[in-house]
Structures are given as structure tokens and as C-alpha cells.
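Inspection log for the structure reproduced underneath, given as C-alpha cells.
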Amino acid sequence: MTASADPDPMIALAAGLAVFALPPGEKAPERGWHRRCTTDPAEVARTWRPGDNVGVGCRASGILGIDLDRHPGKPDGIAQFAAGLLCGIRLR
């Protein structure tokens, strides 16, 4: 098994997304992450730490993120979304 490279925030920036650093190996952001969300490559280059994961600020990026989880014994988020039942939304 080969080690994977650190996540590259510049890929997200090139796609027009605002990013923030997540602690290495974590999915939960540190306090104040929304104030550190940026689209500035120079700021990312200056502040990014080796091993940081890439978080995307949905509001700052003008996108909507939907987390469709699957957990044993609980409703299947993907199936509910496909059926248009998640959060009472309608798919068009």
C-alpha cells in the first residue's frame, strides 16, 4: 500500500471554491473556521500546514452541500434523497 499525498487546497481554489484548513486526519473544523475561509492562493500558501485536510466553505463558495449518510439501523439518506423525502425537498 502506498501513502497518499496530502490533500491539495489549490485544486479546490482552481475550481472557484473557498477553503479552510482542517487539522490533519480530522473532518471536524477548529473554532473560527468560517473566518479563515479564503479564495486567496497566497494566503493558503502562507498559512497551510503540512498534512492539513481541505474544508470547503459552502456559503463562501456559493454552493450547497448535502451530506447523505448511511448508518445501520437508521434511514438511508441516499435512498431518501433519491425519493425526494429528505428535509421535505422536491427534486426537479
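Just remember, in the C-alpha cells the first chain shown is A, the second B, etc., residues are 1-based per chain, and ligands are 1-based in the order shown.
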Can you tell me which residues surround segment 47-51 of chain A at a distance of at most 12 Å, considering only C-alpha atoms, apart from same-chain residues fewer than 5 positions away, and format the answer as a PDB file with C-alpha atoms, in the first residue's frame?
```pdb
ATOM      1  CA  SER A   4      -1.351   9.124  -0.400  1.00  0.00           C
ATOM      2  CA  ALA A   5      -0.239  12.700  -0.894  1.00  0.00           C
ATOM      3  CA  ASP A   6      -1.520  15.471   1.344  1.00  0.00           C
ATOM      4  CA  PRO A   7      -4.819  16.950   0.160  1.00  0.00           C
ATOM      5  CA  ASP A   8      -4.169  19.899  -2.153  1.00  0.00           C
ATOM      6  CA  PRO A   9      -6.259  23.015  -1.427  1.00  0.00           C
ATOM      7  CA  MET A  10      -5.105  24.599  -4.701  1.00  0.00           C
ATOM      8  CA  VAL A  19     -11.261  26.674   1.522  1.00  0.00           C
ATOM      9  CA  PHE A  20     -10.163  26.385   5.129  1.00  0.00           C
ATOM     10  CA  ALA A  21      -7.698  24.053   6.810  1.00  0.00           C
ATOM     11  CA  LEU A  22      -8.896  21.072   8.800  1.00  0.00           C
ATOM     12  CA  PRO A  23      -6.487  19.535  11.334  1.00  0.00           C
ATOM     13  CA  PRO A  24      -4.540  16.596   9.859  1.00  0.00           C
ATOM     14  CA  GLY A  25      -6.646  13.441   9.790  1.00  0.00           C
ATOM     15  CA  GLU A  26      -9.774  15.242  11.008  1.00  0.00           C
ATOM     16  CA  ARG A  36     -10.378  31.660   7.896  1.00  0.00           C
ATOM     17  CA  CYS A  37     -12.253  30.547   4.767  1.00  0.00           C
ATOM     18  CA  THR A  38     -10.440  32.015   1.749  1.00  0.00           C
ATOM     19  CA  ASP A  40      -6.677  33.638  -1.910  1.00  0.00           C
ATOM     20  CA  PRO A  41      -3.922  31.244  -3.083  1.00  0.00           C
ATOM     21  CA  ALA A  42      -1.223  33.408  -1.448  1.00  0.00           C
TER      22      ALA A  42
END
```
Restricting the calculation to only C-alpha atoms: of A:His71, A:Leu64, A:Gly84, A:Val56, which residue gets closest to Ile11 of chain A?
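That would be A:Val56, the residue with the smallest distance to Ile11 of chain A.
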A straight line from atom CA of Val44 of chain A to atom CA of Leu17 of chain A spans 12.4 Å
Could you pull out the alpha helix (DSSP H) residues of chain A from DSSP and send them as a PDB file with all heavy atoms, in the first residue's frame?
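What follows is the written file out13.pdb:
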```pdb
ATOM      1  N   PRO A   9      -5.222  21.985  -1.396  1.00  0.00           N
ATOM      2  CA  PRO A   9      -6.259  23.015  -1.427  1.00  0.00           C
ATOM      3  C   PRO A   9      -6.276  23.806  -2.730  1.00  0.00           C
ATOM      4  O   PRO A   9      -7.297  24.383  -3.093  1.00  0.00           O
ATOM      5  CB  PRO A   9      -5.907  23.918  -0.245  1.00  0.00           C
ATOM      6  CG  PRO A   9      -4.438  23.720  -0.043  1.00  0.00           C
ATOM      7  CD  PRO A   9      -4.179  22.287  -0.408  1.00  0.00           C
ATOM      8  N   MET A  10      -5.171  23.828  -3.455  1.00  0.00           N
ATOM      9  CA  MET A  10      -5.105  24.599  -4.701  1.00  0.00           C
ATOM     10  C   MET A  10      -6.055  24.030  -5.764  1.00  0.00           C
ATOM     11  O   MET A  10      -6.537  24.765  -6.621  1.00  0.00           O
ATOM     12  CB  MET A  10      -3.680  24.652  -5.235  1.00  0.00           C
ATOM     13  CG  MET A  10      -2.716  25.359  -4.313  1.00  0.00           C
ATOM     14  SD  MET A  10      -3.198  27.075  -3.978  1.00  0.00           S
ATOM     15  CE  MET A  10      -1.937  27.558  -2.818  1.00  0.00           C
ATOM     16  N   ILE A  11      -6.344  22.728  -5.687  1.00  0.00           N
ATOM     17  CA  ILE A  11      -7.299  22.124  -6.625  1.00  0.00           C
ATOM     18  C   ILE A  11      -8.687  22.705  -6.386  1.00  0.00           C
ATOM     19  O   ILE A  11      -9.386  23.082  -7.324  1.00  0.00           O
ATOM     20  CB  ILE A  11      -7.310  20.584  -6.484  1.00  0.00           C
ATOM     21  CG1 ILE A  11      -5.946  20.021  -6.924  1.00  0.00           C
ATOM     22  CG2 ILE A  11      -8.440  19.971  -7.298  1.00  0.00           C
ATOM     23  CD1 ILE A  11      -5.763  18.554  -6.620  1.00  0.00           C
ATOM     24  N   ALA A  12      -9.078  22.819  -5.125  1.00  0.00           N
ATOM     25  CA  ALA A  12     -10.382  23.409  -4.795  1.00  0.00           C
ATOM     26  C   ALA A  12     -10.415  24.890  -5.162  1.00  0.00           C
ATOM     27  O   ALA A  12     -11.417  25.381  -5.686  1.00  0.00           O
ATOM     28  CB  ALA A  12     -10.692  23.210  -3.309  1.00  0.00           C
ATOM     29  N   LEU A  13      -9.324  25.610  -4.903  1.00  0.00           N
ATOM     30  CA  LEU A  13      -9.263  27.024  -5.259  1.00  0.00           C
ATOM     31  C   LEU A  13      -9.403  27.207  -6.770  1.00  0.00           C
ATOM     32  O   LEU A  13     -10.106  28.118  -7.223  1.00  0.00           O
ATOM     33  CB  LEU A  13      -7.946  27.648  -4.794  1.00  0.00           C
ATOM     34  CG  LEU A  13      -7.757  27.826  -3.292  1.00  0.00           C
ATOM     35  CD1 LEU A  13      -6.365  28.385  -3.002  1.00  0.00           C
ATOM     36  CD2 LEU A  13      -8.823  28.703  -2.692  1.00  0.00           C
ATOM     37  N   ALA A  14      -8.765  26.345  -7.539  1.00  0.00           N
ATOM     38  CA  ALA A  14      -8.837  26.434  -9.002  1.00  0.00           C
ATOM     39  C   ALA A  14     -10.268  26.206  -9.505  1.00  0.00           C
ATOM     40  O   ALA A  14     -10.642  26.698 -10.563  1.00  0.00           O
ATOM     41  CB  ALA A  14      -7.884  25.433  -9.640  1.00  0.00           C
ATOM     42  N   TRP A  33     -13.361  28.574  12.000  1.00  0.00           N
ATOM     43  CA  TRP A  33     -13.017  28.186  10.629  1.00  0.00           C
ATOM     44  C   TRP A  33     -13.650  29.108   9.588  1.00  0.00           C
ATOM     45  O   TRP A  33     -13.022  29.396   8.573  1.00  0.00           O
ATOM     46  CB  TRP A  33     -13.413  26.733  10.348  1.00  0.00           C
ATOM     47  CG  TRP A  33     -14.902  26.523  10.332  1.00  0.00           C
ATOM     48  CD1 TRP A  33     -15.673  26.137  11.386  1.00  0.00           C
ATOM     49  CD2 TRP A  33     -15.782  26.708   9.227  1.00  0.00           C
ATOM     50  NE1 TRP A  33     -16.983  26.074  10.996  1.00  0.00           N
ATOM     51  CE2 TRP A  33     -17.084  26.422   9.677  1.00  0.00           C
ATOM     52  CE3 TRP A  33     -15.604  27.101   7.906  1.00  0.00           C
ATOM     53  CZ2 TRP A  33     -18.191  26.509   8.852  1.00  0.00           C
ATOM     54  CZ3 TRP A  33     -16.715  27.185   7.080  1.00  0.00           C
ATOM     55  CH2 TRP A  33     -17.990  26.878   7.562  1.00  0.00           C
ATOM     56  N   HIS A  34     -14.868  29.570   9.830  1.00  0.00           N
ATOM     57  CA  HIS A  34     -15.563  30.395   8.834  1.00  0.00           C
ATOM     58  C   HIS A  34     -14.860  31.733   8.609  1.00  0.00           C
ATOM     59  O   HIS A  34     -14.954  32.308   7.535  1.00  0.00           O
ATOM     60  CB  HIS A  34     -17.028  30.593   9.219  1.00  0.00           C
ATOM     61  CG  HIS A  34     -17.223  31.207  10.563  1.00  0.00           C
ATOM     62  ND1 HIS A  34     -17.060  30.480  11.728  1.00  0.00           N
ATOM     63  CD2 HIS A  34     -17.532  32.453  10.929  1.00  0.00           C
ATOM     64  CE1 HIS A  34     -17.266  31.283  12.756  1.00  0.00           C
ATOM     65  NE2 HIS A  34     -17.562  32.479  12.300  1.00  0.00           N
ATOM     66  N   ARG A  35     -14.124  32.207   9.599  1.00  0.00           N
ATOM     67  CA  ARG A  35     -13.368  33.459   9.428  1.00  0.00           C
ATOM     68  C   ARG A  35     -12.062  33.230   8.666  1.00  0.00           C
ATOM     69  O   ARG A  35     -11.473  34.170   8.150  1.00  0.00           O
ATOM     70  CB  ARG A  35     -13.084  34.089  10.787  1.00  0.00           C
ATOM     71  CG  ARG A  35     -14.336  34.666  11.448  1.00  0.00           C
ATOM     72  CD  ARG A  35     -14.017  35.422  12.719  1.00  0.00           C
ATOM     73  NE  ARG A  35     -13.357  34.626  13.744  1.00  0.00           N
ATOM     74  CZ  ARG A  35     -13.987  33.824  14.608  1.00  0.00           C
ATOM     75  NH1 ARG A  35     -15.299  33.698  14.558  1.00  0.00           N
ATOM     76  NH2 ARG A  35     -13.312  33.153  15.506  1.00  0.00           N
ATOM     77  N   ARG A  36     -11.620  31.979   8.608  1.00  0.00           N
ATOM     78  CA  ARG A  36     -10.378  31.660   7.896  1.00  0.00           C
ATOM     79  C   ARG A  36     -10.639  31.115   6.484  1.00  0.00           C
ATOM     80  O   ARG A  36      -9.710  30.784   5.764  1.00  0.00           O
ATOM     81  CB  ARG A  36      -9.569  30.649   8.703  1.00  0.00           C
ATOM     82  CG  ARG A  36      -9.014  31.231   9.996  1.00  0.00           C
ATOM     83  CD  ARG A  36      -8.048  30.289  10.691  1.00  0.00           C
ATOM     84  NE  ARG A  36      -8.643  29.011  11.034  1.00  0.00           N
ATOM     85  CZ  ARG A  36      -9.303  28.767  12.178  1.00  0.00           C
ATOM     86  NH1 ARG A  36      -9.463  29.721  13.067  1.00  0.00           N
ATOM     87  NH2 ARG A  36      -9.793  27.579  12.421  1.00  0.00           N
ATOM     88  N   PRO A  41      -5.006  32.232  -3.054  1.00  0.00           N
ATOM     89  CA  PRO A  41      -3.922  31.244  -3.083  1.00  0.00           C
ATOM     90  C   PRO A  41      -2.700  31.656  -2.266  1.00  0.00           C
ATOM     91  O   PRO A  41      -2.059  30.805  -1.654  1.00  0.00           O
ATOM     92  CB  PRO A  41      -3.565  31.144  -4.569  1.00  0.00           C
ATOM     93  CG  PRO A  41      -4.775  31.622  -5.291  1.00  0.00           C
ATOM     94  CD  PRO A  41      -5.393  32.661  -4.390  1.00  0.00           C
ATOM     95  N   ALA A  42      -2.384  32.947  -2.222  1.00  0.00           N
ATOM     96  CA  ALA A  42      -1.223  33.408  -1.448  1.00  0.00           C
ATOM     97  C   ALA A  42      -1.443  33.162   0.047  1.00  0.00           C
ATOM     98  O   ALA A  42      -0.524  32.753   0.758  1.00  0.00           O
ATOM     99  CB  ALA A  42      -0.955  34.886  -1.716  1.00  0.00           C
ATOM    100  N   GLU A  43      -2.662  33.412   0.519  1.00  0.00           N
ATOM    101  CA  GLU A  43      -2.961  33.162   1.936  1.00  0.00           C
ATOM    102  C   GLU A  43      -2.884  31.678   2.250  1.00  0.00           C
ATOM    103  O   GLU A  43      -2.350  31.277   3.283  1.00  0.00           O
ATOM    104  CB  GLU A  43      -4.343  33.710   2.290  1.00  0.00           C
ATOM    105  CG  GLU A  43      -4.672  33.536   3.752  1.00  0.00           C
ATOM    106  CD  GLU A  43      -6.006  34.144   4.138  1.00  0.00           C
ATOM    107  OE1 GLU A  43      -6.549  34.956   3.357  1.00  0.00           O
ATOM    108  OE2 GLU A  43      -6.500  33.808   5.220  1.00  0.00           O
ATOM    109  N   VAL A  44      -3.417  30.852   1.370  1.00  0.00           N
ATOM    110  CA  VAL A  44      -3.349  29.402   1.570  1.00  0.00           C
ATOM    111  C   VAL A  44      -1.890  28.952   1.604  1.00  0.00           C
ATOM    112  O   VAL A  44      -1.485  28.200   2.496  1.00  0.00           O
ATOM    113  CB  VAL A  44      -4.149  28.652   0.479  1.00  0.00           C
ATOM    114  CG1 VAL A  44      -3.860  27.153   0.515  1.00  0.00           C
ATOM    115  CG2 VAL A  44      -5.637  28.907   0.648  1.00  0.00           C
ATOM    116  N   ALA A  45      -1.086  29.409   0.666  1.00  0.00           N
ATOM    117  CA  ALA A  45       0.329  29.029   0.630  1.00  0.00           C
ATOM    118  C   ALA A  45       1.062  29.449   1.900  1.00  0.00           C
ATOM    119  O   ALA A  45       1.940  28.732   2.386  1.00  0.00           O
ATOM    120  CB  ALA A  45       0.997  29.647  -0.592  1.00  0.00           C
ATOM    121  N   ARG A  46       0.675  30.585   2.452  1.00  0.00           N
ATOM    122  CA  ARG A  46       1.336  31.125   3.645  1.00  0.00           C
ATOM    123  C   ARG A  46       0.899  30.422   4.937  1.00  0.00           C
ATOM    124  O   ARG A  46       1.690  30.250   5.859  1.00  0.00           O
ATOM    125  CB  ARG A  46       1.050  32.627   3.743  1.00  0.00           C
ATOM    126  CG  ARG A  46       1.792  33.356   4.826  1.00  0.00           C
ATOM    127  CD  ARG A  46       1.516  34.855   4.825  1.00  0.00           C
ATOM    128  NE  ARG A  46       0.119  35.156   5.144  1.00  0.00           N
ATOM    129  CZ  ARG A  46      -0.802  35.593   4.272  1.00  0.00           C
ATOM    130  NH1 ARG A  46      -0.476  35.785   3.013  1.00  0.00           N
ATOM    131  NH2 ARG A  46      -2.037  35.839   4.647  1.00  0.00           N
ATOM    132  N   THR A  47      -0.369  29.990   5.015  1.00  0.00           N
ATOM    133  CA  THR A  47      -0.903  29.511   6.290  1.00  0.00           C
ATOM    134  C   THR A  47      -1.140  28.004   6.369  1.00  0.00           C
ATOM    135  O   THR A  47      -1.325  27.482   7.459  1.00  0.00           O
ATOM    136  CB  THR A  47      -2.236  30.212   6.605  1.00  0.00           C
ATOM    137  OG1 THR A  47      -3.191  29.898   5.586  1.00  0.00           O
ATOM    138  CG2 THR A  47      -2.049  31.711   6.711  1.00  0.00           C
ATOM    139  N   CYS A  58     -19.124  26.188   2.141  1.00  0.00           N
ATOM    140  CA  CYS A  58     -20.217  26.167   1.161  1.00  0.00           C
ATOM    141  C   CYS A  58     -20.791  27.560   0.923  1.00  0.00           C
ATOM    142  O   CYS A  58     -20.929  27.983  -0.225  1.00  0.00           O
ATOM    143  CB  CYS A  58     -21.312  25.201   1.606  1.00  0.00           C
ATOM    144  SG  CYS A  58     -20.788  23.479   1.559  1.00  0.00           S
ATOM    145  N   ARG A  59     -21.143  28.278   1.975  1.00  0.00           N
ATOM    146  CA  ARG A  59     -21.723  29.614   1.802  1.00  0.00           C
ATOM    147  C   ARG A  59     -20.742  30.544   1.094  1.00  0.00           C
ATOM    148  O   ARG A  59     -21.100  31.247   0.156  1.00  0.00           O
ATOM    149  CB  ARG A  59     -22.130  30.204   3.141  1.00  0.00           C
ATOM    150  CG  ARG A  59     -22.797  31.575   2.987  1.00  0.00           C
ATOM    151  CD  ARG A  59     -23.213  32.155   4.303  1.00  0.00           C
ATOM    152  NE  ARG A  59     -24.260  31.329   4.894  1.00  0.00           N
ATOM    153  CZ  ARG A  59     -24.725  31.477   6.109  1.00  0.00           C
ATOM    154  NH1 ARG A  59     -24.233  32.421   6.885  1.00  0.00           N
ATOM    155  NH2 ARG A  59     -25.669  30.701   6.572  1.00  0.00           N
ATOM    156  N   ALA A  60     -19.497  30.532   1.530  1.00  0.00           N
ATOM    157  CA  ALA A  60     -18.485  31.392   0.917  1.00  0.00           C
ATOM    158  C   ALA A  60     -18.219  31.015  -0.538  1.00  0.00           C
ATOM    159  O   ALA A  60     -17.786  31.848  -1.328  1.00  0.00           O
ATOM    160  CB  ALA A  60     -17.187  31.322   1.720  1.00  0.00           C
ATOM    161  N   SER A  61     -18.496  29.757  -0.895  1.00  0.00           N
ATOM    162  CA  SER A  61     -18.282  29.277  -2.258  1.00  0.00           C
ATOM    163  C   SER A  61     -19.533  29.395  -3.124  1.00  0.00           C
ATOM    164  O   SER A  61     -19.476  29.140  -4.325  1.00  0.00           O
ATOM    165  CB  SER A  61     -17.830  27.816  -2.235  1.00  0.00           C
ATOM    166  OG  SER A  61     -16.617  27.669  -1.533  1.00  0.00           O
ATOM    167  N   GLY A  77     -29.940   7.852   3.961  1.00  0.00           N
ATOM    168  CA  GLY A  77     -30.002   9.208   3.426  1.00  0.00           C
ATOM    169  C   GLY A  77     -30.005   9.259   1.917  1.00  0.00           C
ATOM    170  O   GLY A  77     -30.682  10.094   1.316  1.00  0.00           O
ATOM    171  N   ILE A  78     -29.266   8.372   1.275  1.00  0.00           N
ATOM    172  CA  ILE A  78     -29.210   8.363  -0.187  1.00  0.00           C
ATOM    173  C   ILE A  78     -30.560   7.953  -0.769  1.00  0.00           C
ATOM    174  O   ILE A  78     -31.071   8.595  -1.690  1.00  0.00           O
ATOM    175  CB  ILE A  78     -28.074   7.452  -0.691  1.00  0.00           C
ATOM    176  CG1 ILE A  78     -26.727   8.059  -0.264  1.00  0.00           C
ATOM    177  CG2 ILE A  78     -28.146   7.266  -2.203  1.00  0.00           C
ATOM    178  CD1 ILE A  78     -25.539   7.181  -0.513  1.00  0.00           C
ATOM    179  N   ALA A  79     -31.158   6.907  -0.215  1.00  0.00           N
ATOM    180  CA  ALA A  79     -32.464   6.461  -0.705  1.00  0.00           C
ATOM    181  C   ALA A  79     -33.531   7.524  -0.467  1.00  0.00           C
ATOM    182  O   ALA A  79     -34.380   7.766  -1.330  1.00  0.00           O
ATOM    183  CB  ALA A  79     -32.860   5.150  -0.020  1.00  0.00           C
ATOM    184  N   GLN A  80     -33.496   8.191   0.697  1.00  0.00           N
ATOM    185  CA  GLN A  80     -34.468   9.238   0.974  1.00  0.00           C
ATOM    186  C   GLN A  80     -34.296  10.414   0.027  1.00  0.00           C
ATOM    187  O   GLN A  80     -35.272  10.976  -0.462  1.00  0.00           O
ATOM    188  CB  GLN A  80     -34.339   9.722   2.421  1.00  0.00           C
ATOM    189  CG  GLN A  80     -34.873   8.715   3.413  1.00  0.00           C
ATOM    190  CD  GLN A  80     -34.883   9.287   4.809  1.00  0.00           C
ATOM    191  OE1 GLN A  80     -33.942   9.967   5.211  1.00  0.00           O
ATOM    192  NE2 GLN A  80     -35.940   9.026   5.537  1.00  0.00           N
ATOM    193  N   PHE A  81     -33.059  10.776  -0.258  1.00  0.00           N
ATOM    194  CA  PHE A  81     -32.813  11.876  -1.179  1.00  0.00           C
ATOM    195  C   PHE A  81     -33.328  11.521  -2.578  1.00  0.00           C
ATOM    196  O   PHE A  81     -33.989  12.329  -3.233  1.00  0.00           O
ATOM    197  CB  PHE A  81     -31.325  12.211  -1.228  1.00  0.00           C
ATOM    198  CG  PHE A  81     -31.003  13.384  -2.108  1.00  0.00           C
ATOM    199  CD1 PHE A  81     -31.239  14.672  -1.663  1.00  0.00           C
ATOM    200  CD2 PHE A  81     -30.471  13.194  -3.366  1.00  0.00           C
ATOM    201  CE1 PHE A  81     -30.948  15.767  -2.470  1.00  0.00           C
ATOM    202  CE2 PHE A  81     -30.178  14.279  -4.176  1.00  0.00           C
ATOM    203  CZ  PHE A  81     -30.423  15.560  -3.725  1.00  0.00           C
ATOM    204  N   ALA A  82     -33.023  10.307  -3.011  1.00  0.00           N
ATOM    205  CA  ALA A  82     -33.459   9.862  -4.336  1.00  0.00           C
ATOM    206  C   ALA A  82     -34.981   9.860  -4.449  1.00  0.00           C
ATOM    207  O   ALA A  82     -35.543  10.129  -5.501  1.00  0.00           O
ATOM    208  CB  ALA A  82     -32.904   8.476  -4.638  1.00  0.00           C
TER     209      ALA A  82
END
```
What does the distance from atom CA of Lys74 of chain A to atom CA of Lys27 of chain A come to in Å, to one decimal?
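Answer for the atom CA of Lys74 of chain A to atom CA of Lys27 of chain A separation: 21.7 Å.
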